[in-house]
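Report on one structure; see the data block that follows.
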Amino acid sequence: MNTDDTNKIISLKNVSYTYAKNTPFAKKALDDINLDFYSNEYTAIIGATGSGKSTLIQHLNGLLKPDQGEVLVNGIDTKDKKSQKDLRKKVGLVFQYAQYQLFEETVYKDIEFGLIKRNIPEDQRKQRVLDTAKMVGLTQENLNASPYDLSGGQKKRAAIAGILVLKPEILVLDEPAAGLDPEGTRELFSIIQNLHDNKECTVILVAHSMELVAQYAKRVIVLHDSKVVMDGTRDEVFGNVEQLTKLGLDVPEVTKIMIKLKISHPELNDHIYTVSDAKEEILKHINLTKKSNQFK
Amino acid sequence: MIEVKDIHYAYKTQPETTKAVSGISLYISKGRYIAILGRNGSGKSTLARMLNALILPDMGDIIVLGMNTKEKVNELPIRKKVGMIFQDPDNQIVGTRVLEDVAFGPENLGYEREKIIQAVDNALNQIGISELRERAVHTLSGGQKQRVAIAGVLAMKPACIILDESTSMLDPKGQAELLAVTEKLNKEEGISIINITHNMDEAKFADEVYVMHKGTITLSGTPSEVFTNVDKMIEAGLDVPQATKLLYELEKEGIEIKNLTIDEDEAADILGRLLK
């Protein structure tokens, strides 16, 4: 992770936000949040229901403005009225059920919509729609279809294409797996991974599945009661099982297996968060045992 | 209680060759907790809608408590006995207050006022949401709305409740709340539950699991029998527990594993013996 200041793209300084302020229903959703995001990071934000995750990410493109503190995107304050359009272009936000927000006659038109709104000339629009469709794995046939004729996973990808076509520097996704089946989820996360690997955009997402977070995210931020309580690399955060459990969060099942196994086999590394890493670790030790038996 | 005999169904908007359901037979006995797993488009919701006569099979028969769903006179008695909870909490609430919403079913059955109120209060009580009785429905969370929907079904004294992807729009907390209610109704009231889902965690504690793929049932058995058949689960576009996946991957590397398991502790034991 390159964390020098030139790579800083979003900065939250002492950000607080309260819903229904000055009413009996007031609820503090963010409490003095300080966070910096850097170019080409892949960050997952986790936390229990109501911890403030969705409120936080809606601050990243100025959809919500802090009551106190400030959010800077490339140095520009999200409260700056003149920069709203620019802000939405830089930070693409994909809502939780974006697949239910498609509205055009065809998928092609739906993806093209944002380009028309931004007065991009027609000759450029076509190429951009086609390139983006390719990025998210939609075929020409899908583009000609009505959004209603797509599967849930395809709809989600069409919704993301509608954001990506505007070439955001930062892609923010709220629980992208919501409503998708396991196969659709796998496809979607490998597309997001490609976007990140090809440096198309910085990825910030909210996720519930610890297995998915462990497999893909490089950095993990944990929210609890409207505050940031953990922030570090994937290994740093998932390595602290005790605190995660205390916060009501889980670690991947495979991590729990490795922790149990370490009790009887102290030589094992239990800082393991994916099935493929667990497989490698166990194979390594089986082979070591074999070798040492040969010399007996 | 429900008998499904070689049913077939194709949506009229689709070509005849792409059947949503193609030759399914199963028998669901009273008081069981059943999970039907399958990815989107596998035909599982079509099957669910046929179980309470919302759609009728093109071929084959479905017999619910001795009543064929094809006979028009059986439609209402079947829907009374087999209640259904859908995916979107906002699409199945009809009242503005919880009380009114839950009363909708018994009102339509023509019960007297006293009996309606009693049925509503019993249902709310059984589900443990009596404190929501007077609340406006729009102020509830998704998980609470789904439990209100279950109370509405429960007030009609069903023998079976079908959940059609009912947890898929809920967060983990809402999912857990809803599942706890279905388990309770199953254990304490003997109501059969048929949970249609693509989430394997929900199928783990079912009595029986059926896996649907391309309109047919490709796997069935106890959760452990089904999930340890990793190849078929992957073919159906589904997940298996990480414990099972790890053992399966090691087996592919030539390590002898004998029995796959879906249990975390058993997996740790098996691996522990391997490393000795």
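Convention: chains lettered A, B, ... in structure tokens order; per-chain residue numbering from 1; ligands numbered from 1 as shown.
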
Practice problem: Would you please give, as a ChimeraX atom specification, all residues of stretch 101-251 of chain B that DSSP assigns to alpha helix (DSSP H) based on the backbone? | Solution: /B:101-108,113-127,142-154,172-189,200-203,223-227,230-235,242-251

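Any residue of chain A with an atom within 8 Å of chain B counts; using only C-alpha atoms, that gives Thr49, Ser151, Gly152, Ala178, Gly179, Leu180, Asp181, Pro182, Glu183, His208, Glu253, Val254, Lys256, Ile257, Met258, Lys260, Leu261, Ser264, His265, Val275, Ser276, Ala278, Lys279, Ile282, Leu283, His285, Ile286 and Thr289 of chain A.
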
Would you put the residues from that selection into a file with N, CA, C and O atoms, as a CSV table (one decimal), in the first residue's frame?
chain,number,residue,atom,x,y,z
A,49,THR,N,-24.9,-4.7,11.7
A,49,THR,CA,-26.0,-3.9,11.2
A,49,THR,C,-26.2,-2.6,12.1
A,49,THR,O,-26.1,-2.7,13.3
A,151,SER,N,-30.6,-12.0,-15.8
A,151,SER,CA,-30.6,-12.7,-14.5
A,151,SER,C,-30.1,-11.6,-13.4
A,151,SER,O,-29.7,-10.6,-13.8
A,152,GLY,N,-30.3,-12.0,-12.2
A,152,GLY,CA,-29.9,-11.1,-11.1
A,152,GLY,C,-28.5,-10.6,-11.2
A,152,GLY,O,-28.2,-9.4,-11.1
A,178,ALA,N,-25.5,-8.6,-2.3
A,178,ALA,CA,-26.8,-8.7,-1.8
A,178,ALA,C,-27.8,-9.2,-2.9
A,178,ALA,O,-27.8,-8.6,-4.0
A,179,GLY,N,-28.5,-10.2,-2.6
A,179,GLY,CA,-29.5,-10.7,-3.6
A,179,GLY,C,-28.9,-11.6,-4.7
A,179,GLY,O,-29.7,-12.1,-5.6
A,180,LEU,N,-27.6,-11.8,-4.7
A,180,LEU,CA,-27.0,-12.6,-5.8
A,180,LEU,C,-26.8,-14.0,-5.3
A,180,LEU,O,-26.5,-14.2,-4.1
A,181,ASP,N,-26.9,-15.0,-6.2
A,181,ASP,CA,-26.6,-16.4,-5.8
A,181,ASP,C,-25.1,-16.6,-5.8
A,181,ASP,O,-24.3,-15.7,-6.2
A,182,PRO,N,-24.6,-17.7,-5.2
A,182,PRO,CA,-23.1,-17.9,-5.1
A,182,PRO,C,-22.4,-17.8,-6.4
A,182,PRO,O,-21.3,-17.1,-6.4
A,183,GLU,N,-22.9,-18.3,-7.5
A,183,GLU,CA,-22.2,-18.2,-8.8
A,183,GLU,C,-22.1,-16.7,-9.2
A,183,GLU,O,-21.1,-16.2,-9.7
A,208,HIS,N,-20.8,-8.2,3.9
A,208,HIS,CA,-21.2,-8.9,5.1
A,208,HIS,C,-20.4,-10.2,5.3
A,208,HIS,O,-20.2,-10.7,6.3
A,253,GLU,N,-14.6,-19.4,8.3
A,253,GLU,CA,-14.6,-20.8,8.9
A,253,GLU,C,-13.2,-21.4,8.8
A,253,GLU,O,-12.8,-22.1,9.8
A,254,VAL,N,-12.5,-21.2,7.7
A,254,VAL,CA,-11.2,-21.9,7.5
A,254,VAL,C,-10.2,-21.4,8.6
A,254,VAL,O,-9.4,-22.1,9.0
A,256,LYS,N,-11.0,-20.5,11.6
A,256,LYS,CA,-11.3,-21.2,12.9
A,256,LYS,C,-10.8,-22.6,12.9
A,256,LYS,O,-10.3,-23.1,13.9
A,257,ILE,N,-10.8,-23.3,11.7
A,257,ILE,CA,-10.3,-24.6,11.7
A,257,ILE,C,-8.8,-24.6,11.9
A,257,ILE,O,-8.2,-25.4,12.7
A,258,MET,N,-8.1,-23.6,11.3
A,258,MET,CA,-6.6,-23.5,11.5
A,258,MET,C,-6.3,-23.2,13.0
A,258,MET,O,-5.3,-23.7,13.5
A,260,LYS,N,-8.0,-24.1,15.6
A,260,LYS,CA,-8.2,-25.3,16.4
A,260,LYS,C,-7.0,-26.3,16.2
A,260,LYS,O,-6.6,-26.9,17.1
A,261,LEU,N,-6.6,-26.4,14.9
A,261,LEU,CA,-5.6,-27.3,14.5
A,261,LEU,C,-4.2,-26.9,15.2
A,261,LEU,O,-3.4,-27.8,15.5
A,264,SER,N,-3.1,-28.6,18.6
A,264,SER,CA,-2.4,-29.9,18.7
A,264,SER,C,-1.2,-29.8,17.8
A,264,SER,O,-0.3,-30.7,17.9
A,265,HIS,N,-1.1,-28.9,16.9
A,265,HIS,CA,0.1,-28.8,16.0
A,265,HIS,C,0.6,-27.4,16.0
A,265,HIS,O,0.4,-26.6,15.1
A,275,VAL,N,-9.3,-20.6,1.8
A,275,VAL,CA,-9.2,-22.1,1.6
A,275,VAL,C,-7.9,-22.5,0.9
A,275,VAL,O,-7.2,-23.4,1.3
A,276,SER,N,-7.5,-21.7,-0.1
A,276,SER,CA,-6.3,-22.1,-0.9
A,276,SER,C,-5.1,-21.9,0.0
A,276,SER,O,-4.2,-22.7,-0.1
A,278,ALA,N,-5.0,-22.3,3.2
A,278,ALA,CA,-5.0,-23.4,4.2
A,278,ALA,C,-4.5,-24.6,3.6
A,278,ALA,O,-3.8,-25.4,4.2
A,279,LYS,N,-4.9,-24.9,2.3
A,279,LYS,CA,-4.5,-26.1,1.6
A,279,LYS,C,-3.0,-26.1,1.5
A,279,LYS,O,-2.3,-27.1,1.8
A,282,ILE,N,-1.2,-26.8,4.9
A,282,ILE,CA,-1.4,-28.2,5.3
A,282,ILE,C,-0.5,-29.1,4.4
A,282,ILE,O,0.2,-30.0,4.9
A,283,LEU,N,-0.5,-28.9,3.1
A,283,LEU,CA,0.3,-29.7,2.2
A,283,LEU,C,1.8,-29.6,2.6
A,283,LEU,O,2.5,-30.5,2.6
A,285,HIS,N,3.1,-29.0,5.5
A,285,HIS,CA,3.5,-29.8,6.7
A,285,HIS,C,3.4,-31.3,6.5
A,285,HIS,O,4.1,-32.0,7.1
A,286,ILE,N,2.4,-31.7,5.6
A,286,ILE,CA,2.3,-33.1,5.3
A,286,ILE,C,3.6,-33.6,4.7
A,286,ILE,O,4.2,-34.6,5.0
A,289,THR,N,6.5,-33.7,7.2
A,289,THR,CA,6.4,-34.9,8.0
A,289,THR,C,6.9,-36.2,7.2
A,289,THR,O,7.7,-37.0,7.7

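Among the candidates A:Lys81, A:Ala158, A:Thr43, A:Asp149, the residue lying nearest to A:Tyr216 is A:Thr43 (atoms considered: only C-alpha atoms).
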
Stretch 77-154 of chain A near stretch 185-201 of chain A within 12 Å: what's each residue's closest atom pair and its distance in Å to one decimal, counting only C-alpha atoms, ordered by chain then ascending residue number, as JSON lines?
{"residue": "A:Lys90", "atom": "CA", "partner": "A:Cys201", "partner_atom": "CA", "distance": 9.8}
{"residue": "A:Val91", "atom": "CA", "partner": "A:Cys201", "partner_atom": "CA", "distance": 9.6}
{"residue": "A:Gly92", "atom": "CA", "partner": "A:Cys201", "partner_atom": "CA", "distance": 9.7}
{"residue": "A:Thr132", "atom": "CA", "partner": "A:Leu195", "partner_atom": "CA", "distance": 10.8}
{"residue": "A:Ala133", "atom": "CA", "partner": "A:Ile191", "partner_atom": "CA", "distance": 11.4}
{"residue": "A:Lys134", "atom": "CA", "partner": "A:Ile191", "partner_atom": "CA", "distance": 10.4}
{"residue": "A:Met135", "atom": "CA", "partner": "A:Ile191", "partner_atom": "CA", "distance": 7.4}
{"residue": "A:Val136", "atom": "CA", "partner": "A:Ile191", "partner_atom": "CA", "distance": 6.1}
{"residue": "A:Gly137", "atom": "CA", "partner": "A:Ile191", "partner_atom": "CA", "distance": 8.0}
{"residue": "A:Leu138", "atom": "CA", "partner": "A:Ile191", "partner_atom": "CA", "distance": 11.2}
{"residue": "A:Gly152", "atom": "CA", "partner": "A:Thr185", "partner_atom": "CA", "distance": 10.1}
{"residue": "A:Gly153", "atom": "CA", "partner": "A:Thr185", "partner_atom": "CA", "distance": 7.4}
{"residue": "A:Gln154", "atom": "CA", "partner": "A:Leu188", "partner_atom": "CA", "distance": 9.1}

Exercise. Grab the atom CA of A:Lys117 to atom CA of A:Gln99 distance for me, in Å with one decimal place.
Key: 20.3 Å

What lies within 9 Å of B:Tyr9 using only C-alpha atoms, ignoring chain neighbours under 5 positions off, as a compact mmCIF listing (two decimals) with N, CA and C atoms, in the first residue's frame?
# COMPACT_ATOMS: atom_id res chain seq x y z
N LYS B 19 -37.97 -25.55 -20.22
CA LYS B 19 -38.90 -25.76 -19.12
C LYS B 19 -38.31 -25.21 -17.83
N ALA B 20 -39.15 -24.54 -17.04
CA ALA B 20 -38.69 -24.05 -15.74
C ALA B 20 -38.57 -25.22 -14.76
N VAL B 21 -39.52 -26.15 -14.89
CA VAL B 21 -39.50 -27.35 -14.05
C VAL B 21 -39.71 -28.55 -14.95
N SER B 22 -38.83 -29.54 -14.80
CA SER B 22 -38.85 -30.62 -15.78
C SER B 22 -38.71 -31.97 -15.08
N GLY B 23 -39.86 -32.54 -14.70
CA GLY B 23 -39.85 -33.89 -14.15
C GLY B 23 -39.40 -33.98 -12.70
N THR B 46 -40.50 -21.45 -9.12
CA THR B 46 -41.61 -22.01 -9.88
C THR B 46 -42.20 -23.20 -9.11
N LEU B 47 -41.32 -24.04 -8.61
CA LEU B 47 -41.77 -25.18 -7.82
C LEU B 47 -42.56 -24.69 -6.60
N LEU B 56 -50.21 -23.90 -11.86
CA LEU B 56 -50.54 -25.32 -11.97
C LEU B 56 -49.56 -26.00 -12.93
N PRO B 57 -49.16 -27.21 -12.61
CA PRO B 57 -48.22 -27.91 -13.50
C PRO B 57 -48.86 -28.19 -14.87
N ASP B 58 -48.04 -28.13 -15.95
CA ASP B 58 -48.53 -28.51 -17.29
C ASP B 58 -48.79 -30.01 -17.32
N MET B 59 -47.90 -30.74 -16.66
CA MET B 59 -48.04 -32.20 -16.58
C MET B 59 -47.74 -32.62 -15.16
N GLY B 215 -34.10 -26.92 -13.60
CA GLY B 215 -35.45 -27.48 -13.58
C GLY B 215 -35.59 -28.88 -13.04

Self-check item: strand (DSSP E) positions in stretch 45-275 of chain B, given as a PyMOL selection string
Solution: chain B and resi 59-64+67-68+82-85+160-164+192-197+208-213+216-221

Next, dump the selected residues to file, keeping only N, CA and C atoms, as a compact mmCIF listing (two decimals), in the first residue's frame.
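What follows is the written file result.txt:
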# COMPACT_ATOMS: atom_id res chain seq x y z
N MET B 59 -47.90 -30.74 -16.66
CA MET B 59 -48.04 -32.20 -16.58
C MET B 59 -47.74 -32.62 -15.16
N GLY B 60 -48.27 -33.77 -14.74
CA GLY B 60 -48.02 -34.26 -13.39
C GLY B 60 -49.01 -33.67 -12.40
N ASP B 61 -48.92 -34.12 -11.14
CA ASP B 61 -49.88 -33.70 -10.12
C ASP B 61 -49.18 -33.31 -8.83
N ILE B 62 -49.82 -32.39 -8.11
CA ILE B 62 -49.37 -32.06 -6.77
C ILE B 62 -50.55 -32.26 -5.83
N ILE B 63 -50.34 -33.12 -4.83
CA ILE B 63 -51.41 -33.42 -3.89
C ILE B 63 -51.03 -32.84 -2.53
N VAL B 64 -51.85 -31.90 -2.06
CA VAL B 64 -51.59 -31.27 -0.76
C VAL B 64 -52.66 -31.75 0.21
N MET B 67 -55.52 -33.13 -1.41
CA MET B 67 -56.23 -32.31 -2.39
C MET B 67 -55.32 -32.03 -3.59
N ASN B 68 -55.82 -32.28 -4.79
CA ASN B 68 -55.05 -32.00 -6.00
C ASN B 68 -55.11 -30.50 -6.30
N VAL B 82 -51.24 -23.99 3.19
CA VAL B 82 -49.85 -23.77 2.77
C VAL B 82 -49.63 -22.27 2.56
N GLY B 83 -48.99 -21.64 3.54
CA GLY B 83 -48.77 -20.19 3.47
C GLY B 83 -47.44 -19.90 2.82
N MET B 84 -47.35 -18.73 2.23
CA MET B 84 -46.12 -18.41 1.51
C MET B 84 -45.58 -17.04 1.90
N ILE B 85 -44.27 -16.97 2.11
CA ILE B 85 -43.58 -15.70 2.40
C ILE B 85 -42.64 -15.43 1.22
N CYS B 160 -48.21 -25.76 6.75
CA CYS B 160 -46.90 -25.65 6.11
C CYS B 160 -46.65 -24.20 5.72
N ILE B 161 -45.42 -23.74 5.90
CA ILE B 161 -45.06 -22.39 5.46
C ILE B 161 -43.89 -22.50 4.47
N ILE B 162 -44.06 -21.86 3.31
CA ILE B 162 -43.01 -21.85 2.31
C ILE B 162 -42.33 -20.48 2.34
N LEU B 163 -41.01 -20.47 2.43
CA LEU B 163 -40.25 -19.21 2.36
C LEU B 163 -39.56 -19.18 1.01
N ASP B 164 -39.97 -18.23 0.16
CA ASP B 164 -39.36 -18.17 -1.17
C ASP B 164 -38.32 -17.06 -1.19
N SER B 192 -44.69 -27.64 9.10
CA SER B 192 -43.64 -27.96 8.12
C SER B 192 -43.11 -26.66 7.53
N ILE B 193 -41.81 -26.62 7.31
CA ILE B 193 -41.20 -25.44 6.69
C ILE B 193 -40.51 -25.89 5.41
N ILE B 194 -40.76 -25.15 4.33
CA ILE B 194 -40.02 -25.38 3.10
C ILE B 194 -39.28 -24.08 2.80
N ASN B 195 -37.98 -24.08 2.99
CA ASN B 195 -37.19 -22.86 2.80
C ASN B 195 -36.45 -22.93 1.46
N ILE B 196 -36.82 -22.02 0.57
CA ILE B 196 -36.23 -21.99 -0.76
C ILE B 196 -35.17 -20.92 -0.78
N THR B 197 -33.93 -21.27 -1.04
CA THR B 197 -32.84 -20.33 -0.81
C THR B 197 -31.64 -20.67 -1.68
N GLU B 208 -33.97 -32.19 5.55
CA GLU B 208 -33.67 -32.70 4.21
C GLU B 208 -33.35 -31.53 3.30
N VAL B 209 -32.43 -31.75 2.37
CA VAL B 209 -32.06 -30.71 1.41
C VAL B 209 -32.27 -31.25 0.00
N TYR B 210 -32.90 -30.46 -0.84
CA TYR B 210 -32.99 -30.78 -2.27
C TYR B 210 -32.23 -29.72 -3.05
N VAL B 211 -31.42 -30.14 -4.00
CA VAL B 211 -30.71 -29.17 -4.83
C VAL B 211 -31.34 -29.16 -6.21
N MET B 212 -31.73 -27.97 -6.67
CA MET B 212 -32.31 -27.86 -8.01
C MET B 212 -31.33 -27.23 -8.97
N HIS B 213 -31.30 -27.77 -10.17
CA HIS B 213 -30.44 -27.23 -11.21
C HIS B 213 -31.13 -27.44 -12.55
N THR B 216 -34.47 -29.50 -12.63
CA THR B 216 -34.59 -30.84 -12.06
C THR B 216 -33.90 -30.87 -10.69
N ILE B 217 -34.18 -31.94 -9.94
CA ILE B 217 -33.49 -32.12 -8.66
C ILE B 217 -32.26 -32.97 -8.91
N THR B 218 -31.07 -32.40 -8.64
CA THR B 218 -29.85 -33.13 -8.95
C THR B 218 -29.22 -33.78 -7.73
N LEU B 219 -29.66 -33.38 -6.55
CA LEU B 219 -29.11 -33.94 -5.31
C LEU B 219 -30.19 -33.89 -4.25
N SER B 220 -30.21 -34.89 -3.35
CA SER B 220 -31.10 -34.77 -2.20
C SER B 220 -30.57 -35.63 -1.07
N GLY B 221 -30.93 -35.27 0.15
CA GLY B 221 -30.47 -36.02 1.31
C GLY B 221 -30.33 -35.13 2.52

Quiz item: Any idea what's packed within 10 Å of B:Ile117, counting only C-alpha atoms, ignoring anything in its chain fewer than 3 positions away? Could you give it as an NGL selection string?
Solution: :B and (99-100 or 102-103 or 106-107 or 111-114 or 120-123 or 155)

For stretch 62-71 of chain A, please output as a PDB file with N, CA and C atoms, in the first residue's frame all residues within 7 Å (counting only C-alpha atoms; exclusion window: fewer than 3 positions along the same chain).
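Here's the written file result_27.pdb:
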ATOM      1  N   SER A  11     -10.184  11.849   2.055  1.00  0.00           N
ATOM      2  CA  SER A  11      -9.762  12.086   3.419  1.00  0.00           C
ATOM      3  C   SER A  11     -10.971  12.503   4.252  1.00  0.00           C
ATOM      4  N   LEU A  12     -11.237  11.774   5.328  1.00  0.00           N
ATOM      5  CA  LEU A  12     -12.326  12.157   6.239  1.00  0.00           C
ATOM      6  C   LEU A  12     -11.694  12.683   7.516  1.00  0.00           C
ATOM      7  N   LYS A  13     -12.079  13.900   7.896  1.00  0.00           N
ATOM      8  CA  LYS A  13     -11.497  14.500   9.096  1.00  0.00           C
ATOM      9  C   LYS A  13     -12.579  14.813  10.111  1.00  0.00           C
ATOM     10  N   ASN A  14     -12.521  14.143  11.233  1.00  0.00           N
ATOM     11  CA  ASN A  14     -13.471  14.348  12.345  1.00  0.00           C
ATOM     12  C   ASN A  14     -14.921  14.383  11.869  1.00  0.00           C
ATOM     13  N   VAL A  15     -15.298  13.421  11.051  1.00  0.00           N
ATOM     14  CA  VAL A  15     -16.640  13.434  10.453  1.00  0.00           C
ATOM     15  C   VAL A  15     -17.682  12.853  11.411  1.00  0.00           C
ATOM     16  N   SER A  16     -18.731  13.622  11.651  1.00  0.00           N
ATOM     17  CA  SER A  16     -19.877  13.131  12.421  1.00  0.00           C
ATOM     18  C   SER A  16     -21.151  13.391  11.627  1.00  0.00           C
ATOM     19  N   TYR A  17     -22.109  12.490  11.796  1.00  0.00           N
ATOM     20  CA  TYR A  17     -23.380  12.661  11.086  1.00  0.00           C
ATOM     21  C   TYR A  17     -24.517  12.080  11.924  1.00  0.00           C
ATOM     22  N   GLN A  58     -21.897   6.768   1.851  1.00  0.00           N
ATOM     23  CA  GLN A  58     -22.659   7.811   1.164  1.00  0.00           C
ATOM     24  C   GLN A  58     -22.035   9.200   1.355  1.00  0.00           C
ATOM     25  N   HIS A  59     -21.069   9.287   2.279  1.00  0.00           N
ATOM     26  CA  HIS A  59     -20.319  10.535   2.447  1.00  0.00           C
ATOM     27  C   HIS A  59     -19.201  10.664   1.419  1.00  0.00           C
ATOM     28  N   ASP A  77     -13.504  19.832  -0.932  1.00  0.00           N
ATOM     29  CA  ASP A  77     -14.489  19.601   0.126  1.00  0.00           C
ATOM     30  C   ASP A  77     -15.828  19.198  -0.507  1.00  0.00           C
ATOM     31  N   THR A  78     -16.433  18.101  -0.008  1.00  0.00           N
ATOM     32  CA  THR A  78     -17.705  17.650  -0.601  1.00  0.00           C
ATOM     33  C   THR A  78     -18.829  18.656  -0.355  1.00  0.00           C
ATOM     34  N   LYS A  79     -18.605  19.608   0.557  1.00  0.00           N
ATOM     35  CA  LYS A  79     -19.646  20.623   0.810  1.00  0.00           C
ATOM     36  C   LYS A  79     -19.621  21.736  -0.238  1.00  0.00           C
TER      37      LYS A  79
END

Self-check item: Residue contacts of B:Ala180 (12 Å, only C-alpha atoms) excluding same-chain residues fewer than 4 positions away, as a ChimeraX atom specification
Solution: /B:126-128,143,147,167,173-176,184-188,202,205

With all heavy atoms retained, export the selected residues as a compact mmCIF listing (two decimals), in the first residue's frame.
# COMPACT_ATOMS: atom_id res chain seq x y z
N GLN B 126 -46.81 -15.98 19.33
CA GLN B 126 -45.99 -17.14 18.95
C GLN B 126 -44.68 -16.71 18.31
O GLN B 126 -43.66 -17.36 18.46
CB GLN B 126 -46.76 -18.02 17.96
CG GLN B 126 -47.70 -19.00 18.63
CD GLN B 126 -48.53 -19.74 17.60
OE1 GLN B 126 -48.84 -19.22 16.54
NE2 GLN B 126 -48.87 -20.97 17.91
N ILE B 127 -44.73 -15.62 17.56
CA ILE B 127 -43.54 -15.18 16.86
C ILE B 127 -42.71 -14.24 17.73
O ILE B 127 -41.57 -13.91 17.40
CB ILE B 127 -43.95 -14.55 15.51
CG1 ILE B 127 -44.52 -15.68 14.67
CG2 ILE B 127 -42.80 -13.89 14.78
CD1 ILE B 127 -44.91 -15.31 13.32
N GLY B 128 -43.28 -13.86 18.87
CA GLY B 128 -42.53 -13.01 19.79
C GLY B 128 -42.45 -11.56 19.35
O GLY B 128 -41.47 -10.89 19.59
N GLY B 143 -36.35 -7.19 8.52
CA GLY B 143 -36.49 -8.45 9.26
C GLY B 143 -37.80 -8.47 10.04
O GLY B 143 -38.48 -9.49 10.11
N ARG B 147 -41.22 -10.93 9.60
CA ARG B 147 -41.85 -11.67 10.71
C ARG B 147 -43.33 -11.32 10.83
O ARG B 147 -44.14 -12.17 11.19
CB ARG B 147 -41.09 -11.40 12.02
CG ARG B 147 -39.82 -12.26 12.09
CD ARG B 147 -39.05 -12.03 13.37
NE ARG B 147 -38.41 -10.73 13.37
CZ ARG B 147 -37.99 -10.10 14.46
NH1 ARG B 147 -38.17 -10.66 15.63
NH2 ARG B 147 -37.41 -8.94 14.36
N THR B 167 -35.16 -14.49 2.95
CA THR B 167 -34.09 -13.82 3.71
C THR B 167 -33.15 -13.05 2.80
O THR B 167 -32.28 -12.35 3.27
CB THR B 167 -33.22 -14.84 4.47
OG1 THR B 167 -32.64 -15.73 3.53
CG2 THR B 167 -34.02 -15.61 5.48
N LYS B 173 -28.50 -9.86 10.55
CA LYS B 173 -29.31 -9.87 11.77
C LYS B 173 -30.75 -10.25 11.44
O LYS B 173 -31.35 -11.10 12.09
CB LYS B 173 -29.26 -8.48 12.41
CG LYS B 173 -29.93 -8.38 13.74
CD LYS B 173 -29.54 -7.06 14.44
CE LYS B 173 -30.45 -6.78 15.61
NZ LYS B 173 -31.47 -5.77 15.30
N GLY B 174 -31.31 -9.63 10.40
CA GLY B 174 -32.68 -9.93 9.97
C GLY B 174 -32.82 -11.38 9.54
O GLY B 174 -33.82 -12.04 9.82
N GLN B 175 -31.80 -11.89 8.86
CA GLN B 175 -31.81 -13.29 8.43
C GLN B 175 -31.90 -14.22 9.63
O GLN B 175 -32.71 -15.15 9.66
CB GLN B 175 -30.53 -13.61 7.64
CG GLN B 175 -30.53 -13.04 6.25
CD GLN B 175 -29.21 -13.27 5.52
OE1 GLN B 175 -28.30 -13.92 6.02
NE2 GLN B 175 -29.11 -12.72 4.33
N ALA B 176 -31.05 -13.94 10.62
CA ALA B 176 -31.00 -14.80 11.80
C ALA B 176 -32.34 -14.76 12.54
O ALA B 176 -32.85 -15.80 12.98
CB ALA B 176 -29.87 -14.36 12.72
N LYS B 184 -38.50 -22.26 15.36
CA LYS B 184 -39.39 -22.38 16.51
C LYS B 184 -40.76 -22.95 16.09
O LYS B 184 -41.29 -23.85 16.73
CB LYS B 184 -39.55 -21.00 17.15
CG LYS B 184 -40.45 -20.95 18.37
CD LYS B 184 -40.39 -19.57 19.03
CE LYS B 184 -41.29 -19.49 20.24
NZ LYS B 184 -42.68 -19.11 19.93
N LEU B 185 -41.31 -22.41 15.00
CA LEU B 185 -42.62 -22.87 14.53
C LEU B 185 -42.55 -24.34 14.15
O LEU B 185 -43.50 -25.10 14.33
CB LEU B 185 -43.09 -22.04 13.33
CG LEU B 185 -43.42 -20.59 13.64
CD1 LEU B 185 -43.83 -19.86 12.37
CD2 LEU B 185 -44.54 -20.49 14.68
N ASN B 186 -41.41 -24.74 13.61
CA ASN B 186 -41.24 -26.13 13.20
C ASN B 186 -41.16 -27.05 14.43
O ASN B 186 -41.88 -28.05 14.52
CB ASN B 186 -39.98 -26.25 12.35
CG ASN B 186 -39.71 -27.67 11.90
OD1 ASN B 186 -38.78 -28.31 12.37
ND2 ASN B 186 -40.55 -28.17 11.02
N LYS B 187 -40.32 -26.68 15.39
CA LYS B 187 -40.08 -27.53 16.57
C LYS B 187 -41.28 -27.54 17.50
O LYS B 187 -41.72 -28.58 17.97
CB LYS B 187 -38.86 -27.03 17.36
CG LYS B 187 -37.57 -27.06 16.58
CD LYS B 187 -36.67 -28.21 16.98
CE LYS B 187 -35.88 -28.76 15.80
NZ LYS B 187 -35.23 -27.74 14.97
N GLU B 188 -41.84 -26.34 17.78
CA GLU B 188 -42.86 -26.25 18.82
C GLU B 188 -44.28 -26.44 18.31
O GLU B 188 -45.13 -26.95 19.02
CB GLU B 188 -42.74 -24.89 19.55
CG GLU B 188 -41.45 -24.81 20.36
CD GLU B 188 -41.23 -23.43 20.96
OE1 GLU B 188 -42.18 -22.63 20.98
OE2 GLU B 188 -40.08 -23.18 21.40
N GLU B 202 -28.34 -21.53 5.45
CA GLU B 202 -29.72 -21.75 5.88
C GLU B 202 -30.14 -23.20 5.71
O GLU B 202 -31.08 -23.66 6.33
CB GLU B 202 -30.67 -20.86 5.07
CG GLU B 202 -30.46 -19.40 5.36
CD GLU B 202 -31.41 -18.54 4.55
OE1 GLU B 202 -32.45 -19.05 4.08
OE2 GLU B 202 -31.11 -17.35 4.40
N PHE B 205 -29.14 -26.61 8.71
CA PHE B 205 -29.87 -27.25 9.82
C PHE B 205 -31.22 -27.82 9.39
O PHE B 205 -32.07 -28.11 10.22
CB PHE B 205 -30.01 -26.29 11.02
CG PHE B 205 -30.66 -24.98 10.69
CD1 PHE B 205 -32.03 -24.90 10.58
CD2 PHE B 205 -29.88 -23.84 10.49
CE1 PHE B 205 -32.63 -23.70 10.29
CE2 PHE B 205 -30.48 -22.64 10.19
CZ PHE B 205 -31.86 -22.57 10.09
